[in-house]
Structure formats: C-alpha cells, structure tokens
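As stored in query-v1.txt (compact mmCIF, C-alpha atoms and all ligand atoms):
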```
# COMPACT_ATOMS: atom_id res chain seq x y z
CA MET A 706 -81.53 4.63 -83.64
CA SER A 707 -80.87 1.41 -81.78
CA LYS A 708 -81.07 -2.01 -83.39
CA THR A 709 -84.35 -3.96 -83.52
CA LEU A 710 -84.74 -7.66 -82.76
CA ALA A 711 -85.45 -8.26 -86.46
CA GLU A 712 -82.13 -6.65 -87.37
CA LEU A 713 -80.29 -8.69 -84.76
CA TYR A 714 -81.95 -11.84 -86.08
CA GLU A 715 -80.73 -11.02 -89.60
CA GLU A 716 -77.16 -10.81 -88.25
CA LEU A 717 -77.49 -14.07 -86.38
CA LYS A 718 -79.59 -16.34 -88.55
CA ASP A 719 -76.72 -17.99 -90.47
CA CYS A 720 -74.31 -17.97 -87.52
CA LYS A 721 -71.40 -20.40 -87.75
CA LYS A 722 -69.34 -18.95 -84.90
CA CYS A 723 -69.23 -22.34 -83.18
CA SER A 724 -69.70 -25.96 -84.22
CA LEU A 725 -73.39 -25.96 -83.19
CA GLY A 726 -73.99 -24.02 -86.40
CA LYS A 727 -73.24 -27.28 -88.26
CA THR A 728 -75.43 -29.60 -86.19
CA ARG A 729 -78.55 -27.49 -85.57
CA THR A 730 -81.76 -27.89 -87.55
CA ASN A 731 -82.94 -24.36 -86.73
CA LEU A 732 -81.43 -21.50 -84.84
CA VAL A 733 -83.76 -20.61 -81.95
CA PHE A 734 -83.57 -16.83 -81.66
CA GLY A 735 -86.39 -16.09 -79.19
CA PHE A 736 -90.10 -15.47 -78.98
CA GLY A 737 -92.43 -12.83 -77.59
CA ASP A 738 -93.01 -9.15 -77.10
CA GLU A 739 -90.10 -6.89 -78.10
CA ASN A 740 -91.33 -4.42 -75.43
CA ALA A 741 -91.95 -6.95 -72.66
CA ASP A 742 -91.39 -6.07 -69.01
CA LEU A 743 -90.54 -9.70 -68.36
CA MET A 744 -87.83 -11.63 -70.16
CA PHE A 745 -87.01 -15.28 -69.48
CA VAL A 746 -83.60 -16.72 -70.22
CA GLY A 747 -83.23 -20.49 -70.51
CA GLU A 748 -80.19 -22.64 -71.22
CA ALA A 749 -80.31 -23.87 -74.81
CA PRO A 750 -82.82 -25.32 -77.28
CA GLY A 751 -83.70 -28.99 -76.85
CA ARG A 752 -84.87 -31.40 -79.53
CA ASN A 753 -88.37 -29.94 -80.02
CA GLU A 754 -87.07 -26.39 -80.04
CA ASP A 755 -84.41 -27.29 -82.61
CA ILE A 756 -87.08 -28.79 -84.87
CA GLN A 757 -89.57 -25.94 -84.50
CA GLY A 758 -87.14 -23.02 -84.22
CA LYS A 759 -88.97 -21.69 -81.14
CA PRO A 760 -87.94 -21.68 -77.46
CA PHE A 761 -89.64 -23.77 -74.78
CA VAL A 762 -92.11 -25.69 -76.93
CA GLY A 763 -91.72 -29.02 -75.09
CA ALA A 764 -92.90 -30.20 -71.67
CA ALA A 765 -90.84 -27.60 -69.78
CA GLY A 766 -92.42 -24.90 -71.97
CA GLN A 767 -95.91 -26.14 -71.19
CA LEU A 768 -95.15 -25.85 -67.48
CA LEU A 769 -93.72 -22.37 -68.05
CA ASP A 770 -97.00 -21.37 -69.74
CA LYS A 771 -99.01 -22.72 -66.79
CA LEU A 772 -96.86 -20.82 -64.31
CA LEU A 773 -97.23 -17.65 -66.37
CA ASN A 774 -101.00 -18.15 -66.53
CA SER A 775 -101.04 -18.58 -62.72
CA ILE A 776 -99.90 -14.94 -62.40
CA GLY A 777 -102.28 -13.71 -65.10
CA LEU A 778 -99.83 -13.59 -68.00
CA GLU A 779 -99.62 -15.19 -71.44
CA ARG A 780 -96.37 -16.23 -73.10
CA SER A 781 -96.92 -13.55 -75.77
CA GLN A 782 -96.68 -10.84 -73.09
CA ALA A 783 -93.16 -11.90 -72.12
CA TYR A 784 -90.03 -12.50 -74.17
CA ILE A 785 -88.29 -15.88 -74.03
CA ALA A 786 -84.71 -16.54 -75.15
CA ASN A 787 -81.87 -18.90 -74.33
CA VAL A 788 -78.18 -18.45 -73.56
CA LEU A 789 -77.34 -20.64 -76.57
CA LYS A 790 -79.32 -20.16 -79.74
CA CYS A 791 -78.50 -23.62 -81.13
CA ARG A 792 -79.09 -27.07 -79.67
CA PRO A 793 -76.07 -28.85 -78.22
CA PRO A 794 -76.04 -32.44 -79.60
CA GLN A 795 -77.80 -34.92 -77.27
CA ASN A 796 -78.69 -31.93 -75.05
CA ARG A 797 -75.23 -31.92 -73.50
CA ASP A 798 -74.24 -28.97 -71.32
CA PRO A 799 -73.19 -25.81 -73.16
CA LEU A 800 -69.39 -25.52 -73.50
CA PRO A 801 -67.52 -22.42 -72.27
CA HIS A 802 -66.57 -21.49 -75.84
CA GLU A 803 -70.20 -21.74 -77.00
CA ILE A 804 -71.34 -19.51 -74.14
CA GLU A 805 -68.60 -17.02 -74.91
CA VAL A 806 -69.60 -16.61 -78.56
CA CYS A 807 -73.36 -16.64 -77.97
CA LYS A 808 -73.62 -14.48 -74.81
CA PRO A 809 -73.13 -11.14 -76.63
CA PHE A 810 -76.28 -11.83 -78.68
CA LEU A 811 -78.30 -12.49 -75.54
CA LEU A 812 -76.99 -9.27 -74.01
CA GLU A 813 -78.02 -7.42 -77.18
CA GLN A 814 -81.51 -8.91 -76.92
CA ILE A 815 -81.74 -7.64 -73.33
CA GLU A 816 -80.45 -4.24 -74.44
CA ILE A 817 -83.11 -4.01 -77.18
CA ILE A 818 -86.03 -5.27 -75.07
CA LYS A 819 -85.05 -3.35 -71.92
CA PRO A 820 -87.20 -5.54 -69.67
CA LYS A 821 -87.91 -4.65 -66.08
CA VAL A 822 -87.04 -8.20 -64.98
CA VAL A 823 -84.70 -10.77 -66.49
CA CYS A 824 -85.85 -14.07 -65.00
CA THR A 825 -83.15 -16.70 -65.39
CA LEU A 826 -84.27 -20.32 -65.59
CA GLY A 827 -81.89 -22.71 -63.88
CA ARG A 828 -78.20 -22.79 -63.05
CA PHE A 829 -76.69 -22.17 -66.46
CA ALA A 830 -78.64 -19.06 -67.39
CA THR A 831 -78.27 -17.69 -63.87
CA GLN A 832 -74.49 -18.10 -63.83
CA VAL A 833 -74.18 -16.52 -67.27
CA ILE A 834 -76.37 -13.52 -66.44
CA LEU A 835 -74.98 -12.93 -62.94
CA ASP A 836 -71.49 -13.67 -64.30
CA LYS A 837 -70.80 -15.68 -61.15
CA ASN A 838 -70.43 -19.31 -60.20
CA VAL A 839 -73.55 -19.34 -58.01
CA THR A 840 -75.57 -22.32 -56.75
CA ILE A 841 -79.13 -22.10 -58.05
CA SER A 842 -80.69 -23.39 -54.81
CA LYS A 843 -79.00 -20.52 -52.92
CA VAL A 844 -80.00 -17.69 -55.25
CA ARG A 845 -83.42 -18.75 -56.53
CA GLY A 846 -86.25 -16.49 -55.49
CA LYS A 847 -83.86 -13.62 -54.71
CA CYS A 848 -83.87 -10.43 -56.71
CA PHE A 849 -80.58 -8.95 -57.89
CA ASP A 850 -79.81 -5.64 -59.48
CA GLY A 851 -78.67 -5.86 -63.08
CA ASN A 852 -77.66 -3.01 -65.31
CA GLY A 853 -80.99 -1.20 -65.47
CA HIS A 854 -83.17 -4.23 -64.73
CA TYR A 855 -83.78 -6.75 -62.01
CA ILE A 856 -82.33 -10.24 -62.29
CA PHE A 857 -84.56 -12.89 -60.74
CA PRO A 858 -83.20 -16.47 -60.81
CA ILE A 859 -85.63 -19.35 -60.46
CA TYR A 860 -85.44 -23.11 -61.01
CA HIS A 861 -85.60 -24.35 -64.58
CA PRO A 862 -89.14 -25.68 -65.24
CA ALA A 863 -87.58 -28.97 -66.41
CA ALA A 864 -86.18 -29.44 -62.88
CA ALA A 865 -89.72 -29.13 -61.50
CA LEU A 866 -90.97 -31.83 -63.85
CA TYR A 867 -88.93 -34.50 -62.12
CA GLN A 868 -88.67 -33.07 -58.59
CA ARG A 869 -91.92 -32.10 -56.89
CA THR A 870 -90.28 -29.85 -54.27
CA ASN A 871 -88.82 -27.72 -57.05
CA LEU A 872 -92.35 -27.16 -58.35
CA VAL A 873 -93.46 -25.87 -54.94
CA ASP A 874 -90.54 -23.40 -54.94
CA LEU A 875 -91.19 -22.45 -58.54
CA LYS A 876 -94.84 -21.62 -57.83
CA ALA A 877 -93.81 -19.48 -54.85
CA ASP A 878 -91.17 -17.71 -56.94
CA PHE A 879 -93.74 -16.87 -59.62
CA LEU A 880 -95.86 -15.12 -56.98
CA LYS A 881 -92.78 -13.11 -56.04
CA LEU A 882 -92.14 -12.40 -59.72
CA LYS A 883 -95.65 -10.96 -59.98
CA GLU A 884 -94.89 -8.66 -57.04
CA ILE A 885 -91.62 -7.49 -58.57
CA LEU A 886 -93.31 -6.81 -61.91
CA SER A 887 -95.99 -4.70 -60.28
CA ASP A 888 -93.59 -2.82 -58.01
CA GLU A 889 -93.21 0.74 -59.23
CA THR A 890 -91.32 2.18 -56.28
CA LYS A 891 -88.04 0.32 -56.46
CA LYS A 892 -85.89 1.30 -59.40
CA SER A 893 -82.65 -0.50 -60.03
CA SER A 894 -79.42 1.47 -59.94
CA GLN A 895 -76.77 0.90 -62.58
CA GLY A 896 -73.59 -1.09 -62.58
CA GLU A 897 -73.30 -2.29 -59.00
CA GLU A 898 -72.25 -5.68 -57.74
CA PRO A 899 -75.38 -7.83 -57.82
CA GLU A 900 -75.15 -9.48 -54.44
CA GLN A 901 -74.77 -6.16 -52.63
CA LEU A 902 -78.10 -5.21 -54.05
CA MET A 903 -80.41 -7.98 -53.14
CA LEU A 904 -83.65 -6.11 -53.32
CA PHE A 905 -86.44 -8.40 -52.24
N1 LIG B 1 -84.86 -25.80 -72.10
C1 LIG B 1 -84.25 -24.60 -72.27
O1 LIG B 1 -83.41 -24.19 -71.48
N2 LIG B 1 -84.59 -23.88 -73.34
C2 LIG B 1 -85.52 -24.26 -74.22
O2 LIG B 1 -85.77 -23.52 -75.17
C3 LIG B 1 -86.14 -25.51 -74.00
C4 LIG B 1 -85.80 -26.25 -72.94
```

Written as structure tokens, how would this file's structure read?
Amino acid sequence: MSKTLAELYEELKDCKKCSLGKTRTNLVFGFGDENADLMFVGEAPGRNEDIQGKPFVGAAGQLLDKLLNSIGLERSQAYIANVLKCRPPQNRDPLPHEIEVCKPFLLEQIEIIKPKVVCTLGRFATQVILDKNVTISKVRGKCFDGNGHYIFPIYHPAAALYQRTNLVDLKADFLKLKEILSDETKKSSQGEEPEQLMLF
C-alpha cells in the first residue's frame, strides 16, 4: 500500500535537514483534499503561514481563495503545498540546498495525491516542478505534460497584489484552469519533455 499524507507528515514534522528547521515556528506541510484533482504549489511559507502552520493564510491566500471561488471551487476541494515547508528568515528566496532537500517531499505529496493538474504559483515553484530555468511570464497560462498530470504555471497571487496587469492574467489563467480540470478527453502521457507537450 502506498504512503498516506498523514504518514508523510509524521516523517517530516521534526525535519532538521536544513537550517530552516532551527528558525521556523511551525513546519507548513500542506492543506486540503488528499484526493484533489487540483494541487497548487507555492514557494515557501511567509510570516503568517509560519505562525499558523498552514499555507497561504495571508493576503495572497485570500486572493487565491477569491480566484478559486471565481471558478466555482473552495480551497478545501484543492490541495495547497509549497516547495519549502519552512519559512526562510525575512522571506528571503529559497536557497538551492533548501530546495534540494525539500523537493523530494513535495514530489511525494504529488505522488500520493495524484492530482490531474499541478498548478505552480510563480517563478520558483514553476522552475522546481518543470526542472527548468524558465521565465514565468513566458510559460504562464500554458499547460505542460508532467509525469501523469498536467503542469499549469500561473503568476503567484502575491505578484497580482502589487501589479494590476498580473491580476488580469491570473483571472484569465483561472478560466483556463477550469477548462483543463473539466477536460476528460486529453490524458497526459508519461515521462516526456514538458515543452514538447504543450497541450493547451
Ligand atoms: N506565499 C507562498 O508561496 N506560500 C505561502 O504559503 C504563502 C505565501
């Protein structure tokens, strides 16, 4: 039998694999439906998330909820996780070593949930999941083929809070996300180079 999210959490909850294990208040594992079709991947917990131990509870999270509601979904129907499970001090960018030690846990979460779509929020999550040094403005709103799921990069909701044009794009990308989620005909094929398989 494969692992459950609860079992993975037990393995991870006291993690000290990098120095963020010393500075965090709470490890932020993830939130939502273990059987969700839609999984969001953000960058790393911020201050509010570190305090509450839940992902996307601040202003960016409120916008994410609104965008989800705009396509008829609630947060509890999706699953939300981050590349890093612990807050980098002063919200600095994740370091390569931190990504390296934390990424396998994210991949395990994806493996357990088996979502139809992994929607990456912003540059960091997108680069980690596509495993490529892509520019978010070039790949956002395009659908890539992952290993048994679609990968759909969009802007990070925080970027839309300070740049109005990003919000326009984000709203449009959510409509596309709704289409992808309801599409039954296109099934992803396994293990191919993502950019050869731009599907939508
Ligand atoms: N930004 C992220 O990338 N993740 C969170 O959980 C909160 C803000």

Residues within 9 Å of stretch 843-845 of chain A, only C-alpha atoms, excluding chain neighbours under 6 positions, as number ranges by chain:
A: 827, 831, 857-860, 874-875, 878

Using only C-alpha atoms for the distances, tell me which of A:Thr728, A:Leu826, A:Lys708, A:Pro820 is nearest to A:Phe761.
A:Leu826

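Going from atom CA of A:Gly763 over to atom CA of A:Ser887, you cover 28.8 Å.
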
My list of candidates is A:Ile818, A:Cys791, A:Ala764, A:Cys723. Which is closest to A:His854 when distances are computed with all atoms listed in the file?
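Answer, going by the shortest atom-to-atom distance: A:Ile818.
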
Could you check the closest approach to ligand LIG 1 (chain B) for each of A:Tyr867, A:Tyr714, A:Tyr784, A:Phe829 and tell me which residue wins, using all atoms listed in the file?
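Between A:Tyr867, A:Tyr714, A:Tyr784, A:Phe829, the residue approaching ligand LIG 1 (chain B) most closely is A:Phe829.
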
Which of A:Ser842, A:Ser781, A:Asn787, A:Gln795 sits closest to A:Cys824 [using only C-alpha atoms]:
A:Asn787

Taking all atoms listed in the file into account, list the residues no farther than 6 Å from ligand LIG 1 (chain B), as a list in words.
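With all atoms listed in the file and a cut-off of 6 Å, ligand LIG 1 (chain B) is contacted by Gly747, Glu748, Ala749, Pro750, Gly751, Glu754, Pro760, Phe761 and Asn787 of chain A.
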
State, in Å with one decimal place, the distance from atom CA of A:Cys720 to atom CA of A:Leu800.
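About the pair atom CA of A:Cys720 and atom CA of A:Leu800: they are 16.7 Å apart.
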
Between atom CA of A:Ile856 and atom CA of A:Leu835 - distance in Å to one decimal
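Between atom CA of A:Leu835 and atom CA of A:Ile856 the gap is 7.9 Å.
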